[in-house]
Amino acid sequence: MTVGLQTYPEYRDSGPEWLGRIPAHWDCLPHRALFEEIQDQGHVDEPLISVTISKGVIRQSDLLAGSSKKDSSNLDKSKYKLVVPGDIAYNKMRAWQGAVGVSRYRGIVSPAYIVIRLRNSNNPEYFHFLFRTSAFATEAERWSYGITSDQWSLRPEHFKMIYSCVPTMPEQDAIVAFLQHFDVKVRRFIRNRRRLIQVLNEQKQTIINRAVTRGLDPNVPLKPSGIEWLGDIPTHWEIALLRLRYDQCLGKMVDAKQFTGEHATPYLRNVNVQWDRINTDALPLIDIAPHERERFTVKPGDLLVCEGGDIGRCAFWDGKISICGFQKALHRLRPIDPERDHPRFLYYCMFNASKLGVFLADGSENTIAHLTGVKLRAHRFAFPPIDEQREITNHLDSALAETDKATTIAQREIALIREYRTRLIADVVTGKVDVRHLAPPPEAFAAEAEPEDLDEGLEDEMPGEDVIELAQEETDADD
């Protein structure tokens, strides 16, 4: 996406470790010389604005769109602070995690936020890019104070003591133009790859649905299943409650306060279980005593199912770790009679049901849906004879191999372009590379900057992550 990157002709030591060497003609100034704190309060009728780790400064109305959470805060908004376009805001409790950014909106933010404004005619967009680098987050952490990490706070008096590099004004504008132009290309690339993944997933869903509800014989006689989402099924297939075919068990309740380390055992969480894949990197520990191991540990071939989040998402345990537990957010499924049921077939049934929204049927827009043990055991599926289960799963494994490979490649390309974007931004804003000759003219950027591209997020957040930040923000405002 970029060619012709080069370094500046001459460098000098900036002084601050987080900046390293910078172009010799750049300044390095303390924030007290660059910014002033703004505490313009009393604008209770202005729209609410939030600062999130993943997206920077956004309107709360955009954050809450599609969420069951509404602005139910009864706080006195008279102490909320006015933010205008060009101001930079940060959450003092989360600056070290990246909750900082320039505002493109007029509105008010929680008293838990700090609002700063440039004293001189510098480009606030340049500092937006600079402050959202991992290097600045580390520096913000160094200047934050608190007993524990969830109480660390970057106070205004300490923010003012941080030094930042300051290019000349024309260079700031060139850097911003280059990065915004590059950002559009990255967003468009990610959007296109996501669309490809969506098409591949739709194809996969169609193939699986056909196989696990009708089988592989197109001429097989059918009968009504009595279940709306299943429709008609082969006449020789059986409809059965899951509890009659599989043993279900929820994992152990995790309580960090009760961890002693006496029987320390790595355990799997919801986030570790992805579709047909389990990530065992850096697993946390809980105590699982010998007498609890039969109930709260997994064996090779166990199917682990997510109780919340992407409900029904599941994968098989491959025995990579000899003794491994699982938390209460996961169900463990084992066939009651291995001569009767093939778990790989059930995996495809779970995939189909999850993608059809079957497990969300009992939820509502005002509640967070969970697949409890009672609900899971009560779900009914169509079961062919075991030989046919094996035949169907072998067919699906083969038929979906190329689709899964293409999806993996697209996902990897998204991850790589994100990594490149992060690294390039850090190098550009700290002067490690010179992009002055690559900055596009304003008219070129305007022609490329499609609203749909700029609105699409670059990060895949955990479900509800930003809404959780909003809830915490309201808590911080009470303090």
# chains A, B, ... in the order shown; residues from 1 in each chain; ligands from 1

call {"tool": "residues_around", "arguments": {"residues": "region 423-427 of chain A", "least_positions_apart": "4", "cutoff": "6 Å", "atoms": "only C-alpha atoms", "output": "MDAnalysis selection string"}}
result
chainID A and resid 133 432:433

call {"tool": "residues_around", "arguments": {"residues": "Pro300 (chain A)", "least_positions_apart": "5", "cutoff": "10 Å", "atoms": "only C-alpha atoms", "output": "PyMOL selection string"}}
result
chain A and resi 316-322

call {"tool": "write_last_selection", "arguments": {"atoms": "N, CA and C atoms", "output": "PDB file, in the first residue's frame"}}
result
ATOM      1  N   PHE A 316     -13.494 -28.996  19.638  1.00  0.00           N
ATOM      2  CA  PHE A 316     -13.098 -30.213  20.330  1.00  0.00           C
ATOM      3  C   PHE A 316     -11.776 -30.028  21.076  1.00  0.00           C
ATOM      4  N   TRP A 317     -11.690 -30.650  22.247  1.00  0.00           N
ATOM      5  CA  TRP A 317     -10.439 -30.656  23.000  1.00  0.00           C
ATOM      6  C   TRP A 317      -9.560 -31.776  22.448  1.00  0.00           C
ATOM      7  N   ASP A 318      -8.292 -31.417  22.144  1.00  0.00           N
ATOM      8  CA  ASP A 318      -7.397 -32.378  21.502  1.00  0.00           C
ATOM      9  C   ASP A 318      -6.372 -32.984  22.450  1.00  0.00           C
ATOM     10  N   GLY A 319      -6.468 -32.656  23.738  1.00  0.00           N
ATOM     11  CA  GLY A 319      -5.544 -33.241  24.703  1.00  0.00           C
ATOM     12  C   GLY A 319      -4.165 -32.629  24.690  1.00  0.00           C
ATOM     13  N   LYS A 320      -4.045 -31.396  24.170  1.00  0.00           N
ATOM     14  CA  LYS A 320      -2.743 -30.739  24.076  1.00  0.00           C
ATOM     15  C   LYS A 320      -2.087 -30.581  25.443  1.00  0.00           C
ATOM     16  N   ILE A 321      -2.909 -30.395  26.482  1.00  0.00           N
ATOM     17  CA  ILE A 321      -2.418 -30.300  27.862  1.00  0.00           C
ATOM     18  C   ILE A 321      -2.970 -31.507  28.618  1.00  0.00           C
ATOM     19  N   SER A 322      -2.120 -32.175  29.372  1.00  0.00           N
ATOM     20  CA  SER A 322      -2.530 -33.438  30.003  1.00  0.00           C
ATOM     21  C   SER A 322      -3.697 -33.259  30.961  1.00  0.00           C
TER      22      SER A 322
END

call {"tool": "residues_around", "arguments": {"residues": "Pro284 (chain A)", "least_positions_apart": "2", "cutoff": "7 Å", "atoms": "only C-alpha atoms", "output": "list in words"}}
result
Pro266, Tyr267 and Ala282 of chain A

call {"tool": "atom_distance", "arguments": {"atom1": "CA of Gln205 (chain A)", "atom2": "CA of Gly231 (chain A)"}}
result
15.7 Å
